[in-house]
>>> print(open('input_11.tsv').read())   # TSV, C-alpha atoms
chain	number	residue	atom	x	y	z
A	1	ILE	CA	-49.69	-21.89	-108.87
A	2	ASP	CA	-52.88	-23.88	-108.67
A	3	ALA	CA	-54.01	-25.29	-111.98
A	4	ILE	CA	-57.66	-24.91	-112.94
A	5	GLU	CA	-59.68	-28.09	-112.49
A	6	ALA	CA	-61.02	-29.49	-115.76
A	7	PRO	CA	-64.78	-28.83	-115.16
A	8	ALA	CA	-64.05	-25.26	-114.06
A	9	PHE	CA	-61.82	-24.76	-117.08
A	10	ARG	CA	-64.57	-25.91	-119.44
A	11	ARG	CA	-67.10	-23.63	-117.78
A	12	ARG	CA	-64.80	-20.64	-117.92
A	13	ALA	CA	-63.76	-21.49	-121.47
A	14	GLY	CA	-67.42	-21.12	-122.41
A	15	GLU	CA	-67.27	-17.65	-120.91
A	16	ARG	CA	-64.11	-16.97	-122.93
A	17	ARG	CA	-62.15	-16.26	-119.75
A	18	PRO	CA	-60.53	-19.58	-118.82
A	19	PHE	CA	-57.43	-17.82	-117.54
A	20	ASP	CA	-57.19	-15.01	-115.01
A	21	GLY	CA	-53.97	-14.01	-116.71
A	22	ILE	CA	-50.93	-15.21	-118.66
A	23	PHE	CA	-47.29	-14.55	-117.76
A	24	LEU	CA	-44.64	-14.43	-120.50
A	25	THR	CA	-40.93	-14.37	-119.70
A	26	HIS	CA	-39.57	-13.35	-123.12
A	27	ALA	CA	-39.97	-13.32	-126.89
A	28	HIS	CA	-38.46	-16.63	-127.93
A	29	ILE	CA	-40.80	-18.52	-130.19
A	30	GLY	CA	-41.50	-21.47	-127.89
A	31	HIS	CA	-42.70	-19.16	-125.13
A	32	TYR	CA	-45.44	-17.18	-126.83
A	33	THR	CA	-46.70	-19.07	-129.88
A	34	GLY	CA	-49.24	-20.86	-127.69
A	35	LEU	CA	-51.18	-17.61	-127.86
A	36	ALA	CA	-52.17	-18.66	-131.38
A	37	LEU	CA	-54.46	-21.30	-129.87
A	38	LEU	CA	-56.41	-18.62	-128.03
A	39	GLY	CA	-57.59	-16.60	-131.04
A	40	ASN	CA	-60.49	-16.96	-133.49
A	41	GLU	CA	-59.44	-20.37	-134.75
A	42	GLY	CA	-59.06	-21.73	-131.23
A	43	LEU	CA	-60.49	-20.91	-127.84
A	44	GLY	CA	-61.44	-17.33	-128.70
A	45	ILE	CA	-60.60	-15.87	-125.31
A	46	ARG	CA	-61.41	-12.28	-124.43
A	47	ASP	CA	-59.88	-9.47	-122.38
A	48	THR	CA	-57.19	-11.64	-120.83
A	49	PRO	CA	-54.17	-9.79	-119.40
A	50	VAL	CA	-50.74	-10.93	-120.52
A	51	TYR	CA	-48.24	-9.88	-117.86
A	52	CYS	CA	-44.75	-9.18	-119.19
A	53	THR	CA	-42.13	-6.47	-119.58
A	54	ALA	CA	-42.74	-3.28	-121.54
A	55	ALA	CA	-40.54	-4.58	-124.37
A	56	MET	CA	-42.50	-7.83	-124.56
A	57	ALA	CA	-45.80	-5.93	-124.51
A	58	ASP	CA	-44.58	-3.77	-127.38
A	59	PHE	CA	-43.56	-6.88	-129.31
A	60	LEU	CA	-47.04	-8.40	-128.96
A	61	SER	CA	-48.76	-5.15	-129.87
A	62	SER	CA	-46.66	-4.43	-132.95
A	63	GLU	CA	-45.93	-7.83	-134.52
A	64	GLN	CA	-48.53	-9.87	-136.42
A	65	PRO	CA	-50.37	-12.12	-135.87
A	66	TRP	CA	-50.12	-11.30	-132.15
A	67	ALA	CA	-51.16	-7.69	-132.74
A	68	PHE	CA	-54.40	-9.02	-134.23
A	69	LEU	CA	-55.15	-10.78	-130.93
A	70	VAL	CA	-54.65	-7.43	-129.21
A	71	GLU	CA	-56.81	-5.57	-131.72
A	72	GLN	CA	-59.60	-8.10	-131.27
A	73	GLY	CA	-59.50	-7.80	-127.51
A	74	ARG	CA	-58.36	-11.38	-127.03
A	75	ILE	CA	-55.27	-10.51	-125.03
A	76	VAL	CA	-54.35	-7.34	-123.18
A	77	PRO	CA	-50.57	-6.82	-122.95
A	78	THR	CA	-49.99	-5.62	-119.40
A	79	PRO	CA	-46.43	-4.39	-118.83
A	80	LEU	CA	-45.03	-4.57	-115.32
A	81	GLU	CA	-41.98	-2.74	-114.07
A	82	THR	CA	-39.07	-4.94	-113.05
A	83	GLY	CA	-37.65	-5.08	-109.55
A	84	ARG	CA	-40.73	-4.27	-107.48
A	85	TRP	CA	-43.81	-6.07	-106.24
A	86	HIS	CA	-47.09	-5.92	-108.16
A	87	SER	CA	-50.38	-7.08	-106.66
A	88	ILE	CA	-52.18	-9.16	-109.27
A	89	ASP	CA	-55.53	-9.90	-107.70
A	90	GLY	CA	-55.23	-8.95	-104.06
A	91	VAL	CA	-54.23	-12.52	-103.22
A	92	PHE	CA	-50.84	-13.02	-104.81
A	93	ASP	CA	-48.06	-10.73	-105.90
A	94	VAL	CA	-45.38	-10.93	-108.56
A	95	GLN	CA	-41.96	-9.43	-109.08
A	96	LEU	CA	-40.08	-9.48	-112.40
A	97	TRP	CA	-36.36	-10.24	-112.20
A	98	PRO	CA	-34.23	-9.44	-115.28
A	99	VAL	CA	-31.99	-12.30	-116.37
A	100	PRO	CA	-29.26	-12.41	-119.04
A	101	HIS	CA	-30.46	-14.28	-122.10
A	102	ARG	CA	-30.57	-13.97	-125.89
A	103	ASP	CA	-32.70	-10.85	-126.25
A	104	GLU	CA	-33.16	-10.54	-130.01
A	105	PHE	CA	-36.75	-9.24	-129.86
A	106	ALA	CA	-37.39	-8.25	-126.24
A	107	ASP	CA	-35.84	-8.58	-122.81
A	108	THR	CA	-36.01	-11.64	-120.54
A	109	VAL	CA	-37.25	-12.01	-116.97
A	110	GLY	CA	-38.00	-14.60	-114.36
A	111	PHE	CA	-41.13	-14.31	-112.23
A	112	LEU	CA	-41.10	-14.40	-108.44
A	113	PHE	CA	-44.61	-15.19	-107.23
A	114	ARG	CA	-45.68	-14.63	-103.62
A	115	GLY	CA	-48.94	-15.86	-102.13
A	116	PRO	CA	-50.36	-15.99	-98.61
A	117	SER	CA	-48.54	-19.23	-97.81
A	118	ALA	CA	-45.60	-19.71	-100.15
A	119	SER	CA	-43.32	-18.22	-102.79
A	120	LEU	CA	-42.25	-19.58	-106.17
A	121	LEU	CA	-39.58	-18.53	-108.64
A	122	PHE	CA	-40.15	-19.35	-112.32
A	123	LEU	CA	-36.91	-18.90	-114.25
A	124	PRO	CA	-36.88	-21.16	-117.33
A	125	ASP	CA	-34.19	-19.40	-119.39
A	126	ILE	CA	-30.82	-17.89	-118.54
A	127	ASN	CA	-27.48	-17.82	-120.32
A	128	SER	CA	-25.49	-18.75	-117.22
A	129	TRP	CA	-25.74	-18.42	-113.45
A	130	ALA	CA	-22.36	-16.67	-113.35
A	131	ALA	CA	-23.65	-13.89	-115.61
A	132	TRP	CA	-26.61	-13.17	-113.33
A	133	GLU	CA	-26.44	-10.29	-110.86
A	134	ARG	CA	-28.08	-12.43	-108.17
A	135	ASP	CA	-26.51	-15.24	-106.19
A	136	LEU	CA	-28.29	-18.48	-107.07
A	137	ASP	CA	-27.66	-20.06	-103.66
A	138	GLU	CA	-29.28	-17.13	-101.86
A	139	VAL	CA	-32.19	-17.08	-104.29
A	140	VAL	CA	-32.95	-20.77	-103.76
A	141	ARG	CA	-32.77	-20.33	-100.00
A	142	SER	CA	-35.28	-17.47	-100.18
A	143	VAL	CA	-38.16	-19.27	-101.96
A	144	ASP	CA	-40.31	-22.32	-101.28
A	145	VAL	CA	-40.11	-23.56	-104.88
A	146	ALA	CA	-37.51	-22.71	-107.52
A	147	LEU	CA	-38.41	-23.72	-111.08
A	148	LEU	CA	-35.09	-23.41	-112.89
A	149	ASP	CA	-33.66	-23.68	-116.39
A	150	GLY	CA	-33.05	-27.36	-117.14
A	151	SER	CA	-32.71	-27.10	-120.92
A	152	PHE	CA	-29.72	-29.37	-121.42
A	153	TRP	CA	-27.98	-32.19	-119.58
A	154	SER	CA	-24.85	-32.30	-121.72
A	155	ILE	CA	-23.09	-30.26	-124.40
A	156	ASP	CA	-23.21	-33.40	-126.57
A	157	GLU	CA	-26.99	-33.25	-127.07
A	158	LEU	CA	-26.94	-31.13	-130.23
A	159	PRO	CA	-24.45	-32.61	-132.70
A	160	GLY	CA	-23.46	-30.17	-135.40
A	161	ARG	CA	-24.54	-27.15	-133.37
A	162	SER	CA	-22.60	-24.99	-130.95
A	163	MET	CA	-23.81	-24.42	-127.41
A	164	ASP	CA	-22.55	-20.86	-127.87
A	165	ASP	CA	-25.65	-20.32	-130.04
A	166	LEU	CA	-27.94	-21.73	-127.34
A	167	PRO	CA	-26.38	-20.77	-124.01
A	168	HIS	CA	-27.98	-22.40	-120.97
A	169	PRO	CA	-26.55	-23.78	-117.73
A	170	LEU	CA	-26.28	-27.57	-117.86
A	171	MET	CA	-28.47	-29.43	-115.37
A	172	ARG	CA	-25.58	-31.31	-113.79
A	173	ALA	CA	-23.63	-28.08	-113.33
A	174	THR	CA	-26.64	-26.46	-111.66
A	175	MET	CA	-27.02	-29.43	-109.32
A	176	ASP	CA	-23.31	-29.28	-108.49
A	177	ARG	CA	-23.65	-25.60	-107.67
A	178	LEU	CA	-26.72	-26.08	-105.45
A	179	GLN	CA	-25.91	-29.46	-103.92
A	180	ALA	CA	-24.64	-28.13	-100.60
A	181	VAL	CA	-27.69	-25.89	-100.20
A	182	VAL	CA	-30.09	-28.74	-100.99
A	183	ASP	CA	-28.26	-31.17	-98.71
A	184	SER	CA	-28.30	-28.66	-95.85
A	185	GLY	CA	-32.09	-28.47	-95.93
A	186	GLU	CA	-31.93	-24.68	-96.33
A	187	ALA	CA	-33.55	-24.81	-99.76
A	188	GLY	CA	-37.14	-25.49	-100.67
A	189	ARG	CA	-37.98	-27.56	-103.73
A	190	VAL	CA	-35.66	-27.17	-106.71
A	191	VAL	CA	-37.50	-28.26	-109.85
A	192	PHE	CA	-35.98	-28.30	-113.34
A	193	THR	CA	-38.23	-27.06	-116.13
A	194	HIS	CA	-37.89	-26.11	-119.83
A	195	LEU	CA	-36.13	-29.40	-120.71
A	196	ASN	CA	-35.20	-29.62	-124.38
A	197	ASN	CA	-36.51	-32.71	-126.19
A	198	SER	CA	-32.88	-33.87	-126.50
A	199	ASN	CA	-32.41	-33.93	-122.73
A	200	PRO	CA	-32.03	-37.53	-121.48
A	201	ALA	CA	-33.45	-36.51	-118.11
A	202	LEU	CA	-36.84	-36.79	-119.83
A	203	ASP	CA	-36.39	-40.56	-120.24
A	204	GLU	CA	-38.61	-42.35	-117.75
A	205	GLY	CA	-36.56	-44.73	-115.63
A	206	GLY	CA	-33.30	-43.50	-117.15
A	207	PRO	CA	-30.07	-42.96	-115.21
A	208	GLU	CA	-30.31	-39.19	-115.53
A	209	GLN	CA	-33.74	-39.10	-113.89
A	210	ALA	CA	-32.45	-41.38	-111.16
A	211	GLU	CA	-29.50	-39.06	-110.54
A	212	VAL	CA	-31.74	-36.02	-110.27
A	213	ALA	CA	-33.97	-37.75	-107.70
A	214	ARG	CA	-31.02	-39.19	-105.76
A	215	ARG	CA	-29.47	-35.77	-105.41
A	216	GLY	CA	-32.70	-34.24	-104.03
A	217	PHE	CA	-33.88	-32.33	-107.10
A	218	GLU	CA	-37.04	-32.70	-109.19
A	219	ILE	CA	-38.09	-32.56	-112.85
A	220	ALA	CA	-41.25	-30.65	-113.78
A	221	ARG	CA	-44.08	-32.66	-115.27
A	222	GLU	CA	-47.18	-31.64	-117.16
A	223	GLY	CA	-50.00	-30.93	-114.75
A	224	MET	CA	-47.84	-30.22	-111.70
A	225	ARG	CA	-49.54	-27.95	-109.19
A	226	PHE	CA	-47.90	-25.51	-106.82
A	227	SER	CA	-50.10	-23.98	-104.15
A	228	LEU	CA	-49.17	-20.51	-102.95
>>> encode(input="input_11.tsv", output="C-alpha cells")
Amino acid sequence: IDAIEAPAFRRRAGERRPFDGIFLTHAHIGHYTGLALLGNEGLGIRDTPVYCTAAMADFLSSEQPWAFLVEQGRIVPTPLETGRWHSIDGVFDVQLWPVPHRDEFADTVGFLFRGPSASLLFLPDINSWAAWERDLDEVVRSVDVALLDGSFWSIDELPGRSMDDLPHPLMRATMDRLQAVVDSGEAGRVVFTHLNNSNPALDEGGPEQAEVARRGFEIAREGMRFSL
C-alpha cells in the first residue's frame, strides 16, 4: 500500500482528510489507540472511514472515548462482511479473513488487499497457524506480499509470564513451516510484522536479523511501501 508522501500528507492534513481510510484488524489496545491522535487534541480529522468487522464497528461506536470520535464525525466505522471482496475506491479491493485470536472485545481478521498489479495479505495477529482454517503454505503462494505475525522469536522473551496468555506463532516456527515454499520460489515476499519490543529480531545487526535474511524472509520497517 503506497504511503502518502510528506508534502501531500501535510496538505491533506490541513484539509482534515490525510487518510482515504483506516483498516483495523481487531480490538486489542495496541491496534486502535492511535485513533486518539486523530481527534480534537490531535490532527482533528473528519469523515474518515474506518474499515473493520461489524463487531469492531460496534465497539468503536459504543465505547468511549472512541464513540466521541464517531459522534464528532472524525471517524466513520464502516463494517465489511467477511469472506467476500469489497471495492474500496474503484482501484483496489479488500477481503476480510477471520483468524483465531483472543477476541475479548471484538473478532479478529486479516486483510487481503488486491490492486491492479499485486496482492497483499496483512495478518499481524493469530493464535497459531494450526488453528486457522486456511493452509498457510497455499495462502503465501497466492499473494505477492504476505505480512505475517512476527510477535515473538522465543518463548523465553517474557520471563514470569505464560505464552498461553499471549498466544502467537514464533517467528522461527513460521519460517520452518514456510521454508520449502520460500526456497522453491513459489512464494512472493514474506515479511514479519507486529514484532514485540522483546523480540531480538529487532536488534540491528543481530544474529536473529541475519537468520531471517539468510533464510529469505524480511522484517517490516517503519515507512515501508508496498505498491499494489
>>> atom_distance(input="input_11.tsv", atom1="CA of Arg114 in chain A", atom2="CA of Val50 in chain A")
18.0 Å
>>> residues_around(input="input_11.tsv", residues="Leu80 in chain A", least_positions_apart="5", cutoff="9 Å", atoms="all atoms listed in the file", output="list in words")
Tyr51, Cys52, Thr53, Ala54, His86, Gln95 and Leu96 of chain A
>>> residues_around(input="input_11.tsv", residues="range 41-48 of chain A", least_positions_apart="6", cutoff="6 Å", atoms="only C-alpha atoms", output="list in words")
Arg16, Arg17, Gly21, Gly73, Arg74, Ile75 and Val76 of chain A
>>> residues_near_point(input="input_11.tsv", point="(-50.7, -14.8, -123.1)", cutoff="7 Å", atoms="all atoms listed in the file", output="ChimeraX atom specification")
/A:22-24,32,35,50,75
>>> closest_residue(input="input_11.tsv", among="A:Thr78, A:Thr193, A:Thr108, A:Ser184", to="Asp149 in chain A", atoms="only C-alpha atoms")
A:Thr193
>>> residues_around(input="input_11.tsv", residues="Asp89 in chain A", least_positions_apart="4", cutoff="12 Å", atoms="all atoms listed in the file", output="list in words")
Asp20, Gly21, Pro49, Asp93, Val94, Arg114 and Gly115 of chain A
>>> atom_distance(input="input_11.tsv", atom1="CA of Ser198 in chain A", atom2="CA of Arg221 in chain A")
15.9 Å
>>> residues_around(input="input_11.tsv", residues="Val143 in chain A", least_positions_apart="6", cutoff="8 Å", atoms="all atoms listed in the file", output="short mmCIF file (atom, residue, chain, number, x, y, z; two decimals) with C-alpha atoms, keeping the file's coordinate frame")
data_model
loop_
_atom_site.label_atom_id
_atom_site.label_comp_id
_atom_site.auth_asym_id
_atom_site.auth_seq_id
_atom_site.Cartn_x
_atom_site.Cartn_y
_atom_site.Cartn_z
CA ALA A 118 -45.60 -19.71 -100.15
CA SER A 119 -43.32 -18.22 -102.79
CA LEU A 120 -42.25 -19.58 -106.17
CA LEU A 121 -39.58 -18.53 -108.64
CA ALA A 187 -33.55 -24.81 -99.76
CA GLY A 188 -37.14 -25.49 -100.67
#
>>> closest_residue(input="input_11.tsv", among="A:Val182, A:Leu228, A:Leu60, A:Ala130", to="Gly216 in chain A", atoms="only C-alpha atoms")
A:Val182
>>> build_atoms(input="input_11.tsv", residues="range 170-181 of chain A", atoms="all heavy atoms", output="mmCIF file, in the frame of the given file")
data_model
loop_
_atom_site.group_PDB
_atom_site.id
_atom_site.type_symbol
_atom_site.label_atom_id
_atom_site.label_comp_id
_atom_site.auth_asym_id
_atom_site.auth_seq_id
_atom_site.Cartn_x
_atom_site.Cartn_y
_atom_site.Cartn_z
ATOM 1 N N LEU A 170 -25.979 -26.139 -117.800
ATOM 2 C CA LEU A 170 -26.280 -27.570 -117.860
ATOM 3 C C LEU A 170 -26.866 -28.025 -116.525
ATOM 4 O O LEU A 170 -26.482 -27.545 -115.451
ATOM 5 C CB LEU A 170 -25.018 -28.365 -118.176
ATOM 6 C CG LEU A 170 -24.342 -28.033 -119.515
ATOM 7 C CD1 LEU A 170 -23.080 -28.872 -119.684
ATOM 8 C CD2 LEU A 170 -25.295 -28.244 -120.680
ATOM 9 N N MET A 171 -27.796 -28.975 -116.580
ATOM 10 C CA MET A 171 -28.470 -29.430 -115.370
ATOM 11 C C MET A 171 -27.482 -29.958 -114.329
ATOM 12 O O MET A 171 -27.603 -29.647 -113.138
ATOM 13 C CB MET A 171 -29.495 -30.522 -115.704
ATOM 14 C CG MET A 171 -30.786 -29.999 -116.293
ATOM 15 S SD MET A 171 -31.970 -31.331 -116.677
ATOM 16 C CE MET A 171 -32.317 -31.967 -115.036
ATOM 17 N N ARG A 172 -26.522 -30.747 -114.752
ATOM 18 C CA ARG A 172 -25.580 -31.310 -113.790
ATOM 19 C C ARG A 172 -24.746 -30.218 -113.142
ATOM 20 O O ARG A 172 -24.443 -30.287 -111.946
ATOM 21 C CB ARG A 172 -24.681 -32.339 -114.466
ATOM 22 C CG ARG A 172 -25.433 -33.572 -114.939
ATOM 23 C CD ARG A 172 -24.504 -34.629 -115.497
ATOM 24 N NE ARG A 172 -23.762 -35.307 -114.442
ATOM 25 C CZ ARG A 172 -22.929 -36.317 -114.658
ATOM 26 N NH1 ARG A 172 -22.736 -36.766 -115.896
ATOM 27 N NH2 ARG A 172 -22.296 -36.884 -113.669
ATOM 28 N N ALA A 173 -24.392 -29.193 -113.901
ATOM 29 C CA ALA A 173 -23.630 -28.080 -113.330
ATOM 30 C C ALA A 173 -24.476 -27.313 -112.314
ATOM 31 O O ALA A 173 -23.964 -26.873 -111.266
ATOM 32 C CB ALA A 173 -23.151 -27.160 -114.437
ATOM 33 N N THR A 174 -25.764 -27.134 -112.602
ATOM 34 C CA THR A 174 -26.640 -26.460 -111.660
ATOM 35 C C THR A 174 -26.790 -27.277 -110.379
ATOM 36 O O THR A 174 -26.761 -26.719 -109.271
ATOM 37 C CB THR A 174 -28.029 -26.214 -112.289
ATOM 38 O OG1 THR A 174 -27.873 -25.402 -113.460
ATOM 39 C CG2 THR A 174 -28.960 -25.509 -111.319
ATOM 40 N N MET A 175 -26.933 -28.579 -110.504
ATOM 41 C CA MET A 175 -27.020 -29.430 -109.320
ATOM 42 C C MET A 175 -25.729 -29.363 -108.511
ATOM 43 O O MET A 175 -25.761 -29.296 -107.271
ATOM 44 C CB MET A 175 -27.360 -30.862 -109.711
ATOM 45 C CG MET A 175 -28.789 -31.036 -110.194
ATOM 46 S SD MET A 175 -29.324 -32.779 -110.350
ATOM 47 C CE MET A 175 -28.314 -33.321 -111.736
ATOM 48 N N ASP A 176 -24.587 -29.395 -109.192
ATOM 49 C CA ASP A 176 -23.310 -29.280 -108.490
ATOM 50 C C ASP A 176 -23.247 -27.985 -107.698
ATOM 51 O O ASP A 176 -22.786 -27.956 -106.548
ATOM 52 C CB ASP A 176 -22.147 -29.338 -109.471
ATOM 53 C CG ASP A 176 -21.945 -30.715 -110.096
ATOM 54 O OD1 ASP A 176 -22.487 -31.695 -109.552
ATOM 55 O OD2 ASP A 176 -21.258 -30.801 -111.125
ATOM 56 N N ARG A 177 -23.704 -26.910 -108.312
ATOM 57 C CA ARG A 177 -23.650 -25.600 -107.670
ATOM 58 C C ARG A 177 -24.552 -25.541 -106.444
ATOM 59 O O ARG A 177 -24.220 -24.900 -105.432
ATOM 60 C CB ARG A 177 -24.034 -24.529 -108.674
ATOM 61 C CG ARG A 177 -24.001 -23.129 -108.104
ATOM 62 C CD ARG A 177 -24.210 -22.084 -109.161
ATOM 63 N NE ARG A 177 -24.102 -20.753 -108.582
ATOM 64 C CZ ARG A 177 -23.514 -19.724 -109.161
ATOM 65 N NH1 ARG A 177 -22.939 -19.872 -110.347
ATOM 66 N NH2 ARG A 177 -23.486 -18.541 -108.581
ATOM 67 N N LEU A 178 -25.720 -26.177 -106.522
ATOM 68 C CA LEU A 178 -26.720 -26.080 -105.450
ATOM 69 C C LEU A 178 -26.700 -27.254 -104.481
ATOM 70 O O LEU A 178 -27.480 -27.254 -103.526
ATOM 71 C CB LEU A 178 -28.111 -25.963 -106.067
ATOM 72 C CG LEU A 178 -28.424 -24.674 -106.816
ATOM 73 C CD1 LEU A 178 -29.793 -24.778 -107.476
ATOM 74 C CD2 LEU A 178 -28.379 -23.468 -105.872
ATOM 75 N N GLN A 179 -25.844 -28.231 -104.709
ATOM 76 C CA GLN A 179 -25.910 -29.460 -103.920
ATOM 77 C C GLN A 179 -25.788 -29.215 -102.423
ATOM 78 O O GLN A 179 -26.546 -29.765 -101.621
ATOM 79 C CB GLN A 179 -24.822 -30.436 -104.374
ATOM 80 C CG GLN A 179 -25.038 -31.861 -103.846
ATOM 81 C CD GLN A 179 -26.280 -32.504 -104.423
ATOM 82 O OE1 GLN A 179 -26.361 -32.726 -105.615
ATOM 83 N NE2 GLN A 179 -27.261 -32.799 -103.570
ATOM 84 N N ALA A 180 -24.839 -28.372 -102.029
ATOM 85 C CA ALA A 180 -24.640 -28.130 -100.600
ATOM 86 C C ALA A 180 -25.864 -27.470 -99.974
ATOM 87 O O ALA A 180 -26.242 -27.789 -98.838
ATOM 88 C CB ALA A 180 -23.400 -27.268 -100.389
ATOM 89 N N VAL A 181 -26.504 -26.569 -100.715
ATOM 90 C CA VAL A 181 -27.690 -25.890 -100.200
ATOM 91 C C VAL A 181 -28.839 -26.878 -100.047
ATOM 92 O O VAL A 181 -29.551 -26.884 -99.042
ATOM 93 C CB VAL A 181 -28.097 -24.734 -101.134
ATOM 94 C CG1 VAL A 181 -29.346 -24.036 -100.617
ATOM 95 C CG2 VAL A 181 -26.961 -23.745 -101.281
#
